[in-house]
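Working notes, structure below.
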Amino acid sequence: MTTTRRHQLAATALALAAMALPFAAHTQTAPKLKVGLMLPYTGTFAALGNAIENGFRLQIAEAGGKVAGREVEFFKVDDESDPSKATDNVNKLVKRDAVDVLVGTVHSGVAMAMAKVAKDSGTLLIVPNAGADAVTGAMCAPNIFRSSFSNWQPGYAMGEVMAKKGHKKVVTITWKYAAGDESVKGFKEAFEKGGGAVVKELSLPFPNVEFQALLTEIAATKPDAVYTFFAGGGAVKFVKDYAGAGLKKSIPLYGAGFITDGTLEAQGDAADGLFTTLHYADSLGTARDNAFRLAYVKAYKLQPDVYAVQGYDAAQMLAIGLNAVKGDVSKKAEIAAALQKAKIDSPRGAFSLSKAHNPVQDIYLRQVVGKENKLVGVASKSLADPARGCKM
Ligand code: BEZ
C-alpha cells in the first residue's frame, strides 16, 4: 500500500471514529445545550416561575452543571402569563435563539401556544407546570412531555374525596380559562359519579381578584362545600377574602392543592385546616424528598413547593432523555423511548409517563397545619390522565 493510500485510510478511519463518538466524549468541544426557559417572572404567577427555575437549576447543579456531558446555556423569556403574547414569545426562543429544548410554562393558555410551536417546529418541549389537558390530550406529540400534572388529575381526586366525605351540594369557583375550567370539569366528573351535584359554577376572568360579589353569591346559595382552583397571588387573596367574608366557618373550602402551595406564609391563619389534593405535600418524609428539601433550602434559603419539584423533575427528565442519545437532541424517537420506559425518581415519589407523556402519579390528600401542607394520605393511587383526544 502506498503512503498516500495509507494516509487516506487513516484519515477515513479517524473521521468515522469521530462520527461514532458521542458529543459527551469530547467534553471540550461539545456545543453548549441551549435551554429556553419560558416562564412568568412578573404577575400573579411570578413566584411559581421562579420556583420552577430554581428547581431546574438545582438538579443541573447536582448533576455537575451539565446535561449529558453538555454545558447548559440558558435563554429566558418572561411570558407574563399572557396568552396573547405567547406565540411571539416562544418564537423568540425557537427562531431567534435556536434553543435545543423549551421548558415552560405555568399558565395553561400560554402552554398551549408553546405546544403548537413545539409541535410545528419539532423542538423538544418539557412543560414544568401548566396542566392544560390538551397538551397531553388532543395536542400530544412525540416531542412534548410534562413533568407536572393535567388539570383533570387533582380535580378528579378531590371529586372522589368530597363525595366520600358525604358532601352533596357544591359550588365551584375559579378563573375563567383552561386551567380553571378543566380543574372544575375533572372535579365534577368524579363528584357526580360519587353521588354529588355541582349546583353553581362561578368564575371571573384571569387574573382578576375582585371576589366580593361571588362570595356574596356563595353565601346566598348555602352549599355544603366549595371547590376551588386558584394559584399564586390570586390564591393568597381568595383564601384571605373567603375567611374575611366569614364563610370559612360555615361552608368548608376545598381545592386543587395550588390554592395553598407556595402561599401559606402570605395566607396566615386564613388557610389553616383547608383540605386540598395534589401530587406533592410538605411532609412526605421520604429519604428522597428530605434530601431534595434540604438541598433546596441550602441553595435558595426558601422552602420548596410543588413548582420547585416540577422544575427539578423537568431537568431530571431532560437528563434521562439526553443521556440516552449522548446529548444529541435530534434523536427525538430515542429520547421519547427512553422517557417512556423511565421511572422518574421525583421528590414527590417515583412516577412514570403515560403514552401521552403525562405523569402517572399518586395524588395526595393534604391538610394545612400551620405553615405546611401536611400529608393526610393518598387520595388517588397512580392516577393517569385519560388523555382524551391524544392520537399517538
Ligand atoms: C395552569 O394555568 O395550568 C396552572 C397555573 C397555576 C397553577 C396550576 C395550573
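Within each chain, counting starts at residue 1; across the C-alpha cells, chains are named A, B, ... in the order shown, with ligands numbered 1 upward in that order.
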Q) Could you name the residues that touch Lys116 (chain A) at 8 Å or less, counting only C-alpha atoms, but leaving out those on the same chain fewer than 4 positions away, as a list in words? A)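 That gives Met112, Asp120 and Met139 of chain A.
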Atoms to include: N, CA and C atoms. Write the selected residues as a PDB file, in the first residue's frame.
ATOM      1  N   MET A 112     -50.419  26.120  25.756  1.00  0.00           N
ATOM      2  CA  MET A 112     -50.990  25.573  24.517  1.00  0.00           C
ATOM      3  C   MET A 112     -50.361  26.229  23.288  1.00  0.00           C
ATOM      4  N   ASP A 120     -45.121  22.113  15.669  1.00  0.00           N
ATOM      5  CA  ASP A 120     -44.825  22.525  14.281  1.00  0.00           C
ATOM      6  C   ASP A 120     -43.327  22.533  13.982  1.00  0.00           C
ATOM      7  N   MET A 139     -53.420  17.685  21.708  1.00  0.00           N
ATOM      8  CA  MET A 139     -52.196  18.237  21.108  1.00  0.00           C
ATOM      9  C   MET A 139     -50.965  17.360  21.351  1.00  0.00           C
TER      10      MET A 139
END
**Q.** Residues near region 177-193 of chain A, cut-off 10 Å, only C-alpha atoms, skip fewer than 3 positions along chain, as a count of residues only
**A.** 48
**Q.** Residue contacts of His357 (chain A) (6 Å, only C-alpha atoms) excluding same-chain residues fewer than 3 positions away, as a list in words
**A.**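 The filter keeps Phe145, Leu353 and Ser354 of chain A.
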Produce a file of the selected residues containing N, CA, C and O atoms, as a compact mmCIF listing (two decimals), in the first residue's frame.
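Contents of result_15.txt, as written:
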# COMPACT_ATOMS: atom_id res chain seq x y z
N PHE A 145 -43.54 16.72 26.44
CA PHE A 145 -43.58 15.98 27.71
C PHE A 145 -44.01 16.91 28.83
O PHE A 145 -43.80 18.11 28.75
N LEU A 353 -44.29 7.94 32.92
CA LEU A 353 -45.08 8.77 32.00
C LEU A 353 -46.07 7.91 31.24
O LEU A 353 -45.76 6.77 30.86
N SER A 354 -47.25 8.46 31.02
CA SER A 354 -48.27 7.77 30.23
C SER A 354 -47.84 7.79 28.76
O SER A 354 -46.90 8.50 28.39
Q: Measuring atom to atom with only C-alpha atoms, identify which of A:Ala295, A:Ala213, A:Phe75, A:Lys222 is nearest to Lys200 (chain A).
A: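 Among A:Ala295, A:Ala213, A:Phe75, A:Lys222, it is A:Lys222 that comes nearest to Lys200 (chain A).
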Q. Which distance in Å separates CA of Pro304 (chain A) and CA of Ala291 (chain A), to one decimal?
A.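 These two atoms are separated by 11.6 Å.
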(Q) Using DSSP secondary structure from the backbone, list all strand (DSSP E) positions within region 187-277 of chain A, as a ChimeraX atom specification. (A) /A:197-204,225-229,253-256,275-277
Can you write out the residues you just picked, keeping N, CA and C atoms, as an mmCIF file, in the first residue's frame?
data_model
loop_
_atom_site.group_PDB
_atom_site.id
_atom_site.type_symbol
_atom_site.label_atom_id
_atom_site.label_comp_id
_atom_site.auth_asym_id
_atom_site.auth_seq_id
_atom_site.Cartn_x
_atom_site.Cartn_y
_atom_site.Cartn_z
ATOM 1 N N ALA A 197 -73.709 16.796 43.547
ATOM 2 C CA ALA A 197 -74.157 17.686 42.468
ATOM 3 C C ALA A 197 -73.455 19.034 42.577
ATOM 4 N N VAL A 198 -72.997 19.533 41.437
ATOM 5 C CA VAL A 198 -72.450 20.902 41.397
ATOM 6 C C VAL A 198 -73.623 21.818 41.078
ATOM 7 N N VAL A 199 -74.005 22.658 42.049
ATOM 8 C CA VAL A 199 -75.232 23.446 41.872
ATOM 9 C C VAL A 199 -74.964 24.809 41.233
ATOM 10 N N LYS A 200 -73.731 25.267 41.303
ATOM 11 C CA LYS A 200 -73.398 26.544 40.673
ATOM 12 C C LYS A 200 -71.906 26.565 40.323
ATOM 13 N N GLU A 201 -71.587 27.044 39.104
ATOM 14 C CA GLU A 201 -70.179 27.180 38.711
ATOM 15 C C GLU A 201 -69.880 28.661 38.555
ATOM 16 N N LEU A 202 -69.133 29.213 39.494
ATOM 17 C CA LEU A 202 -68.813 30.644 39.478
ATOM 18 C C LEU A 202 -67.412 30.848 38.907
ATOM 19 N N SER A 203 -67.254 31.979 38.227
ATOM 20 C CA SER A 203 -65.907 32.270 37.710
ATOM 21 C C SER A 203 -65.734 33.762 37.484
ATOM 22 N N LEU A 204 -64.479 34.154 37.351
ATOM 23 C CA LEU A 204 -64.129 35.527 36.987
ATOM 24 C C LEU A 204 -62.926 35.462 36.059
ATOM 25 N N ALA A 225 -70.420 22.716 50.575
ATOM 26 C CA ALA A 225 -68.977 22.995 50.494
ATOM 27 C C ALA A 225 -68.674 23.706 49.185
ATOM 28 N N VAL A 226 -67.435 24.213 49.091
ATOM 29 C CA VAL A 226 -66.980 24.898 47.874
ATOM 30 C C VAL A 226 -65.711 24.202 47.367
ATOM 31 N N TYR A 227 -65.619 24.012 46.037
ATOM 32 C CA TYR A 227 -64.388 23.530 45.404
ATOM 33 C C TYR A 227 -63.796 24.670 44.588
ATOM 34 N N THR A 228 -62.487 24.864 44.715
ATOM 35 C CA THR A 228 -61.872 25.990 44.012
ATOM 36 C C THR A 228 -60.558 25.646 43.336
ATOM 37 N N PHE A 229 -60.267 26.382 42.251
ATOM 38 C CA PHE A 229 -58.927 26.402 41.657
ATOM 39 C C PHE A 229 -58.494 27.853 41.534
ATOM 40 N N LEU A 253 -64.123 24.991 52.604
ATOM 41 C CA LEU A 253 -63.480 25.275 51.319
ATOM 42 C C LEU A 253 -62.463 24.179 51.006
ATOM 43 N N TYR A 254 -62.552 23.605 49.822
ATOM 44 C CA TYR A 254 -61.602 22.597 49.344
ATOM 45 C C TYR A 254 -61.022 23.086 48.022
ATOM 46 N N GLY A 255 -59.898 22.485 47.629
ATOM 47 C CA GLY A 255 -59.383 22.909 46.325
ATOM 48 C C GLY A 255 -58.334 21.978 45.773
ATOM 49 N N ALA A 256 -58.029 22.190 44.487
ATOM 50 C CA ALA A 256 -56.801 21.632 43.935
ATOM 51 C C ALA A 256 -55.690 22.296 44.744
ATOM 52 N N PHE A 275 -58.400 21.430 53.283
ATOM 53 C CA PHE A 275 -58.051 20.167 52.633
ATOM 54 C C PHE A 275 -57.875 20.411 51.128
ATOM 55 N N THR A 276 -56.791 19.867 50.583
ATOM 56 C CA THR A 276 -56.544 20.000 49.147
ATOM 57 C C THR A 276 -55.955 18.702 48.595
ATOM 58 N N THR A 277 -56.001 18.564 47.281
ATOM 59 C CA THR A 277 -55.398 17.385 46.635
ATOM 60 C C THR A 277 -54.311 17.842 45.656
#
**Q.** Proximity to ligand 1 - best of A:Ser84, A:Asn129, A:Thr216, A:Ser121, only C-alpha atoms and all ligand atoms
**A.**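 Of all the options, A:Asn129 lies closest to ligand 1.
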Q: Choose the residue, out of A:Val297, A:Ala287, A:Ile335, A:Val110, that has the smallest atom-to-atom separation from ligand 1; count only C-alpha atoms and all ligand atoms.
A: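 Between A:Val297, A:Ala287, A:Ile335, A:Val110, the residue approaching ligand 1 most closely is A:Val110.
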Q) Just asking: which residues within region 76-314 of chain A are alpha helix (DSSP H) according to DSSP, as a PyMOL selection string? A) chain A and resi 86-91+108-121+152-164+178-193+212-221+232-244+247-250+264-267+287-300+306-314
Q.
I'd like the interatomic distance between CA of Phe74 (chain A) and CA of Ala113 (chain A), to a tenth of an Å.
A. 20.7 Å
Would you list the contacts of region 366-372 of chain A as a JSON list (two decimals) with N, CA, C and O atoms, in the first residue's frame, taking every protein, DNA or RNA residue within 6 Å and counting only C-alpha atoms, but skipping same-chain residues closer than 4 positions in sequence?
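What landed in around_12.json:
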[["chain", "number", "residue", "atom", "x", "y", "z"],
["A", 264, "LEU", "N", -48.59, 29.75, 51.78],
["A", 264, "LEU", "CA", -49.03, 29.70, 53.19],
["A", 264, "LEU", "C", -48.48, 30.84, 54.04],
["A", 264, "LEU", "O", -49.19, 31.33, 54.94],
["A", 272, "ASP", "N", -55.57, 27.89, 57.46],
["A", 272, "ASP", "CA", -55.48, 26.80, 58.44],
["A", 272, "ASP", "C", -56.63, 25.80, 58.28],
["A", 272, "ASP", "O", -57.78, 26.18, 58.20],
["A", 273, "GLY", "N", -56.28, 24.51, 58.22],
["A", 273, "GLY", "CA", -57.29, 23.45, 58.19],
["A", 273, "GLY", "C", -57.80, 23.08, 56.80],
["A", 273, "GLY", "O", -58.51, 22.08, 56.66],
["A", 274, "LEU", "N", -57.45, 23.84, 55.75],
["A", 274, "LEU", "CA", -58.00, 23.53, 54.42],
["A", 274, "LEU", "C", -57.49, 22.19, 53.89],
["A", 274, "LEU", "O", -56.31, 21.87, 54.02],
["A", 275, "PHE", "N", -58.40, 21.43, 53.28],
["A", 275, "PHE", "CA", -58.05, 20.17, 52.63],
["A", 275, "PHE", "C", -57.87, 20.41, 51.13],
["A", 275, "PHE", "O", -58.73, 21.05, 50.51],
["A", 276, "THR", "N", -56.79, 19.87, 50.58],
["A", 276, "THR", "CA", -56.54, 20.00, 49.15],
["A", 276, "THR", "C", -55.95, 18.70, 48.59],
["A", 276, "THR", "O", -55.46, 17.87, 49.36],
["A", 282, "ASP", "N", -45.91, 18.70, 51.87],
["A", 282, "ASP", "CA", -44.69, 19.20, 52.54],
["A", 282, "ASP", "C", -44.04, 18.18, 53.48],
["A", 282, "ASP", "O", -42.93, 18.40, 53.91],
["A", 376, "VAL", "N", -52.10, 13.83, 54.47],
["A", 376, "VAL", "CA", -53.15, 13.09, 55.17],
["A", 376, "VAL", "C", -53.15, 11.65, 54.68],
["A", 376, "VAL", "O", -53.28, 10.70, 55.45]]
Q | Pick from A:Leu48, A:Ala68, A:Leu339, A:Ala356 nearest to Gly262 (chain A), counting only C-alpha atoms | A |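 Closest to Gly262 (chain A) of all the choices is A:Leu48.
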Q: Would you kindly return, as a PyMOL selection string, each protein, DNA or RNA residue with an atom no farther than 7 Å from any atom of Val239 (chain A), considering only C-alpha atoms and excluding same-chain residues fewer than 6 positions away?
A: chain A and resi 267+270-271
If you keep N, CA and C atoms, can you produce a file of those selected residues as a PDB file, in the first residue's frame?
ATOM      1  N   GLN A 267     -50.805  33.654  53.423  1.00  0.00           N
ATOM      2  CA  GLN A 267     -52.222  33.435  53.774  1.00  0.00           C
ATOM      3  C   GLN A 267     -52.470  33.437  55.276  1.00  0.00           C
ATOM      4  N   ALA A 270     -55.762  32.251  57.688  1.00  0.00           N
ATOM      5  CA  ALA A 270     -56.920  32.069  56.796  1.00  0.00           C
ATOM      6  C   ALA A 270     -56.897  30.695  56.116  1.00  0.00           C
ATOM      7  N   ALA A 271     -55.694  30.117  55.942  1.00  0.00           N
ATOM      8  CA  ALA A 271     -55.597  28.833  55.230  1.00  0.00           C
ATOM      9  C   ALA A 271     -55.670  27.639  56.181  1.00  0.00           C
TER      10      ALA A 271
END
**Q.** Spatial neighbours of Val101 (chain A), 6 Å, only C-alpha atoms, chain gap at least 2 places, as a ChimeraX atom specification
**A.** /A:35,99,124-125
Q) At what distance in Å, to one decimal, does CA of Lys326 (chain A) lie from CA of Thr105 (chain A)? A)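 Separation between CA of Thr105 (chain A) and CA of Lys326 (chain A): 26.1 Å.
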